[in-house]
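Novice: To be precise about what I am sending: the file is called data_1.tsv and holds TSV, C-alpha atoms.
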```tsv
chain	number	residue	atom	x	y	z
A	18	MET	CA	-81.75	-41.06	59.01
A	19	SER	CA	-82.24	-41.70	55.31
A	20	THR	CA	-79.87	-43.70	53.14
A	21	LEU	CA	-78.89	-40.53	51.25
A	22	GLN	CA	-77.96	-38.75	54.50
A	23	ARG	CA	-75.95	-41.77	55.66
A	24	ILE	CA	-74.05	-41.87	52.34
A	25	GLY	CA	-73.38	-38.14	52.63
A	26	ILE	CA	-71.98	-38.52	56.15
A	27	GLU	CA	-69.83	-41.48	55.05
A	28	CYS	CA	-68.44	-39.43	52.13
A	29	LEU	CA	-67.73	-36.56	54.49
A	30	VAL	CA	-65.91	-38.81	56.95
A	31	ILE	CA	-63.85	-40.29	54.08
A	32	ALA	CA	-62.98	-36.79	52.81
A	33	LEU	CA	-62.00	-35.63	56.30
A	34	LEU	CA	-59.86	-38.73	56.87
A	35	ALA	CA	-58.26	-38.28	53.44
A	36	GLY	CA	-57.50	-34.64	54.29
A	37	PHE	CA	-55.96	-35.55	57.63
A	38	GLY	CA	-54.02	-38.39	55.98
A	39	ALA	CA	-52.73	-36.06	53.27
A	40	ALA	CA	-51.70	-33.49	55.87
A	41	LEU	CA	-49.91	-36.18	57.90
A	42	TYR	CA	-48.19	-37.51	54.77
A	43	GLN	CA	-47.07	-33.98	53.85
A	44	ARG	CA	-45.59	-33.47	57.33
A	45	THR	CA	-43.63	-36.72	57.13
A	46	VAL	CA	-42.36	-36.09	53.60
A	47	LYS	CA	-41.53	-32.44	54.26
A	48	PRO	CA	-40.75	-31.95	57.96
A	49	PRO	CA	-41.91	-28.70	59.55
A	50	ASP	CA	-39.52	-25.78	59.54
A	51	SER	CA	-37.00	-26.27	62.33
A	52	GLY	CA	-36.01	-22.60	62.27
A	53	VAL	CA	-32.51	-23.47	61.00
A	54	SER	CA	-31.37	-22.10	57.65
A	55	VAL	CA	-30.85	-24.70	54.93
A	56	PRO	CA	-29.04	-24.38	51.59
A	57	ALA	CA	-31.17	-22.75	48.92
A	58	THR	CA	-31.97	-24.56	45.70
A	59	PRO	CA	-30.37	-22.83	42.71
A	60	ALA	CA	-32.79	-21.21	40.29
A	61	ALA	CA	-33.67	-23.37	37.30
A	62	VAL	CA	-32.15	-20.81	34.93
A	63	LEU	CA	-28.69	-21.46	36.48
A	64	ARG	CA	-28.71	-25.26	36.16
A	65	HIS	CA	-27.03	-25.39	32.75
A	66	GLN	CA	-25.09	-22.12	32.80
A	67	PRO	CA	-21.27	-22.14	32.74
A	68	THR	CA	-19.31	-20.81	35.74
A	69	ALA	CA	-15.93	-19.08	36.01
A	70	LYS	CA	-13.55	-17.90	38.75
A	71	VAL	CA	-13.40	-14.08	38.81
A	72	PRO	CA	-10.74	-12.28	40.84
A	73	ILE	CA	-12.03	-9.59	43.18
A	74	LYS	CA	-9.96	-6.39	43.27
A	75	VAL	CA	-11.07	-5.16	46.72
A	76	PRO	CA	-12.05	-6.84	49.98
A	77	VAL	CA	-15.67	-7.96	50.21
A	78	THR	CA	-17.85	-6.41	52.93
A	79	VAL	CA	-19.21	-9.06	55.32
A	80	TYR	CA	-21.56	-8.91	58.30
A	81	GLN	CA	-19.88	-9.52	61.67
A	82	GLY	CA	-20.95	-10.16	65.25
A	83	GLU	CA	-23.85	-12.50	65.93
A	84	THR	CA	-25.06	-12.39	62.31
A	85	LYS	CA	-24.67	-16.11	61.61
A	86	ALA	CA	-26.37	-17.06	64.87
A	87	LYS	CA	-29.23	-14.60	64.33
A	88	LEU	CA	-29.75	-16.00	60.82
A	89	LYS	CA	-29.79	-19.48	62.40
A	90	LEU	CA	-27.24	-20.82	59.93
A	91	PRO	CA	-26.08	-24.41	60.50
A	92	GLU	CA	-23.76	-24.79	63.52
A	93	VAL	CA	-20.86	-25.98	61.34
A	94	MET	CA	-21.05	-22.79	59.29
A	95	GLN	CA	-21.32	-20.59	62.39
A	96	LYS	CA	-18.02	-21.97	63.69
A	97	ASP	CA	-16.14	-21.75	60.36
A	98	GLU	CA	-14.40	-18.36	60.05
A	99	ARG	CA	-13.94	-18.93	56.31
A	100	GLN	CA	-17.72	-18.78	55.87
A	101	GLN	CA	-18.95	-15.18	55.99
A	102	VAL	CA	-22.37	-13.58	55.44
A	103	ILE	CA	-22.48	-11.07	52.60
A	104	GLY	CA	-26.28	-10.62	52.46
A	105	ALA	CA	-29.68	-11.94	53.47
A	106	SER	CA	-33.17	-11.07	52.25
A	107	GLU	CA	-36.58	-11.50	53.84
A	108	ILE	CA	-39.22	-12.55	51.33
A	109	LYS	CA	-42.86	-12.19	52.28
A	110	ALA	CA	-44.93	-15.36	51.91
A	111	ASP	CA	-46.52	-15.50	48.48
A	112	LEU	CA	-48.23	-18.15	46.37
A	113	HIS	CA	-46.09	-17.09	43.38
A	114	PRO	CA	-42.70	-18.77	43.00
A	115	GLN	CA	-39.85	-16.30	43.55
A	116	THR	CA	-36.20	-16.21	42.50
A	117	VAL	CA	-33.57	-14.42	44.60
A	118	SER	CA	-30.39	-13.44	42.74
A	119	THR	CA	-27.20	-12.22	44.44
A	120	VAL	CA	-24.78	-10.10	42.40
A	121	ILE	CA	-21.28	-8.96	43.47
A	122	ASN	CA	-19.46	-5.96	41.97
A	123	THR	CA	-15.88	-7.18	41.49
A	124	GLU	CA	-14.56	-3.59	41.47
A	125	THR	CA	-16.12	-2.47	44.77
A	126	GLY	CA	-16.92	-5.76	46.53
A	127	GLU	CA	-20.53	-4.63	47.06
A	128	VAL	CA	-23.23	-7.28	46.95
A	129	GLN	CA	-26.81	-6.66	45.84
A	130	GLN	CA	-29.72	-9.09	46.02
A	131	TYR	CA	-32.72	-9.01	43.68
A	132	VAL	CA	-36.09	-10.71	44.10
A	133	LYS	CA	-38.15	-11.58	41.02
A	134	THR	CA	-41.72	-12.84	41.23
A	135	GLU	CA	-42.13	-15.63	38.71
A	136	PRO	CA	-45.37	-16.25	36.85
A	137	TYR	CA	-47.56	-19.11	37.94
A	138	PRO	CA	-46.70	-22.34	36.13
A	139	TRP	CA	-49.28	-23.58	33.64
A	140	PHE	CA	-49.53	-26.86	35.54
A	141	ALA	CA	-48.07	-27.92	38.89
A	142	ILE	CA	-48.66	-30.53	41.55
A	143	GLU	CA	-49.99	-28.67	44.57
A	144	THR	CA	-49.35	-29.87	48.12
A	145	ARG	CA	-51.16	-27.37	50.28
A	146	GLY	CA	-53.68	-28.28	52.94
A	147	LEU	CA	-56.12	-26.28	55.04
A	148	ILE	CA	-58.04	-26.97	58.21
A	149	SER	CA	-60.36	-24.24	59.46
A	150	VAL	CA	-63.05	-23.71	62.05
A	151	ALA	CA	-65.75	-21.11	61.47
A	152	HIS	CA	-68.65	-20.00	63.63
A	153	GLY	CA	-71.67	-18.16	62.25
A	154	TYR	CA	-75.21	-18.45	61.02
A	155	LYS	CA	-76.69	-20.88	58.52
A	156	SER	CA	-80.01	-20.32	56.80
A	157	ARG	CA	-82.11	-22.80	54.89
A	158	ALA	CA	-84.90	-22.24	52.40
A	159	ALA	CA	-87.56	-23.64	54.74
A	160	GLN	CA	-86.35	-21.66	57.77
A	161	THR	CA	-87.38	-18.12	58.64
A	162	THR	CA	-84.54	-17.51	61.11
A	163	PRO	CA	-80.95	-18.61	60.61
A	164	GLU	CA	-79.46	-21.02	63.15
A	165	ARG	CA	-76.05	-20.65	64.74
A	166	VAL	CA	-73.52	-23.34	63.76
A	167	THR	CA	-69.83	-24.11	64.00
A	168	ARG	CA	-68.20	-25.55	60.87
A	169	LEU	CA	-65.04	-27.64	60.57
A	170	ALA	CA	-63.55	-27.63	57.08
A	171	VAL	CA	-60.66	-29.66	55.68
A	172	GLY	CA	-59.27	-29.06	52.23
A	173	TYR	CA	-56.29	-30.32	50.27
A	174	ASP	CA	-55.15	-28.85	46.97
A	175	VAL	CA	-53.93	-31.46	44.48
A	176	ILE	CA	-53.05	-29.60	41.27
A	177	ARG	CA	-52.61	-26.00	40.16
A	178	VAL	CA	-53.36	-24.56	36.74
A	179	LYS	CA	-51.96	-21.01	36.73
A	180	ALA	CA	-53.77	-19.29	39.65
A	181	LEU	CA	-56.49	-21.95	40.03
A	182	ALA	CA	-56.06	-24.73	42.59
A	183	VAL	CA	-58.06	-27.95	42.30
A	184	GLY	CA	-58.48	-30.18	45.32
A	185	LEU	CA	-60.69	-31.99	47.79
A	186	VAL	CA	-62.83	-30.36	50.46
A	187	GLY	CA	-65.00	-31.61	53.28
A	188	THR	CA	-67.00	-29.77	55.92
A	189	ILE	CA	-69.03	-30.84	58.90
A	190	ASP	CA	-71.31	-28.53	60.87
A	191	SER	CA	-72.30	-28.67	64.52
A	192	ASP	CA	-75.84	-29.52	63.39
A	193	ARG	CA	-74.36	-32.75	61.92
A	194	GLU	CA	-74.77	-31.69	58.31
A	195	GLY	CA	-71.80	-31.99	56.07
A	196	PHE	CA	-70.40	-31.70	52.60
A	197	ALA	CA	-67.67	-33.54	50.69
A	198	GLY	CA	-66.54	-32.72	47.21
A	199	VAL	CA	-64.06	-31.26	44.78
A	200	GLN	CA	-63.22	-27.57	44.85
A	201	ILE	CA	-61.64	-25.11	42.46
A	202	SER	CA	-60.26	-22.03	44.14
A	203	TYR	CA	-58.56	-18.82	43.09
A	204	ARG	CA	-56.14	-17.33	45.62
A	205	TRP	CA	-54.55	-13.90	45.70
```
Using structure tokens, write down the structure that the file contains.
Specialist:
Amino acid sequence: MSTLQRIGIECLVIALLAGFGAALYQRTVKPPDSGVSVPATPAAVLRHQPTAKVPIKVPVTVYQGETKAKLKLPEVMQKDERQQVIGASEIKADLHPQTVSTVINTETGEVQQYVKTEPYPWFAIETRGLISVAHGYKSRAAQTTPERVTRLAVGYDVIRVKALAVGLVGTIDSDREGFAGVQISYRW
């Protein structure tokens, strides 16, 4: 094995370890979803807006039965009869930030929720990792027939500029060839 190949393998091992370390760090900083609902963070646009108490002229329509349990709201809230569900929205996973607004009509008591897809920020710290396994064929310039290989890839996005993510990537193939480097990706 040449010195250049050895350096390449060492860089690949470092990139893979860094990817696994970053993924482990992300899991400890942000624990995996437990399936229990947690309070939502208010939209940034509301942070400095004034609030007021508005009387409601009619009763508000609330969801009854097993609604709180099915939504997996915290146990304390499920037991509190003063806490009632007036709406819930499912939002499909998307790389764009989204804002959900809930509006109540004080004349009728009806509640309506709105979802707005926000534009990508110009610059953001990205904390998204990827581990994948692929199986297929690899061809080389000196080969006439491609050879079958399995590839393990680890990537970790570090920053985002609009729709472009910049991060680290490392791959290792079953034929012991590998790659470690920086990647720029566009996701849709």
Novice: Considering all atoms listed in the file, can you say which of A:Glu135, A:Asp192, A:Glu92, A:Asp174 comes closest to Tyr154 of chain A?
Specialist: A:Asp192
Novice: Write out as an mmCIF file with C-alpha atoms, in the coordinates of the input each polymer residue whose atoms come within 6 Å of segment 115-125 of chain A, counting only C-alpha atoms; drop sequence neighbours fewer than 4 positions from it.
Specialist:
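Generated output (out_38.cif):
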```cif
data_model
loop_
_atom_site.group_PDB
_atom_site.id
_atom_site.type_symbol
_atom_site.label_atom_id
_atom_site.label_comp_id
_atom_site.auth_asym_id
_atom_site.auth_seq_id
_atom_site.Cartn_x
_atom_site.Cartn_y
_atom_site.Cartn_z
ATOM 1 C CA ILE A 73 -12.030 -9.590 43.180
ATOM 2 C CA LYS A 74 -9.960 -6.390 43.270
ATOM 3 C CA GLN A 129 -26.810 -6.660 45.840
ATOM 4 C CA GLN A 130 -29.720 -9.090 46.020
ATOM 5 C CA TYR A 131 -32.720 -9.010 43.680
ATOM 6 C CA VAL A 132 -36.090 -10.710 44.100
ATOM 7 C CA LYS A 133 -38.150 -11.580 41.020
ATOM 8 C CA THR A 134 -41.720 -12.840 41.230
ATOM 9 C CA GLU A 135 -42.130 -15.630 38.710
#
```
Novice: Choose the residue, out of A:Ala180, A:Val71, A:Ala141, A:Ala197, that has the smallest atom-to-atom separation from Ile31 of chain A; count all atoms listed in the file.
Specialist: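 Among the listed residues, the smallest separation from Ile31 of chain A belongs to A:Ala197.
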Novice: Can you tell me, as a count of residues only, which residues sit within 10 Å of (-28.4, -15.6, 58.7) in the file's frame, using only C-alpha atoms?
Specialist: 19
Novice: What is the atom CA of Ala110 of chain A-atom CA of Ala57 of chain A distance in Å, reported with one decimal?
Specialist: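 Interatomic distance here is 15.9 Å.
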Novice: If you measure from atom CA of Ile176 of chain A to atom CA of Ala151 of chain A, what distance in Å do you get, rounded to one decimal?
Specialist: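 Atom CA of Ala151 of chain A lies at a distance of 25.3 Å from atom CA of Ile176 of chain A.
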Novice: Restricting the calculation to all atoms listed in the file: of A:Gly187, A:Glu98, A:Tyr173, A:Tyr203, which residue gets closest to Glu143 of chain A?
Specialist: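 Between A:Gly187, A:Glu98, A:Tyr173, A:Tyr203, the residue approaching Glu143 of chain A most closely is A:Tyr173.
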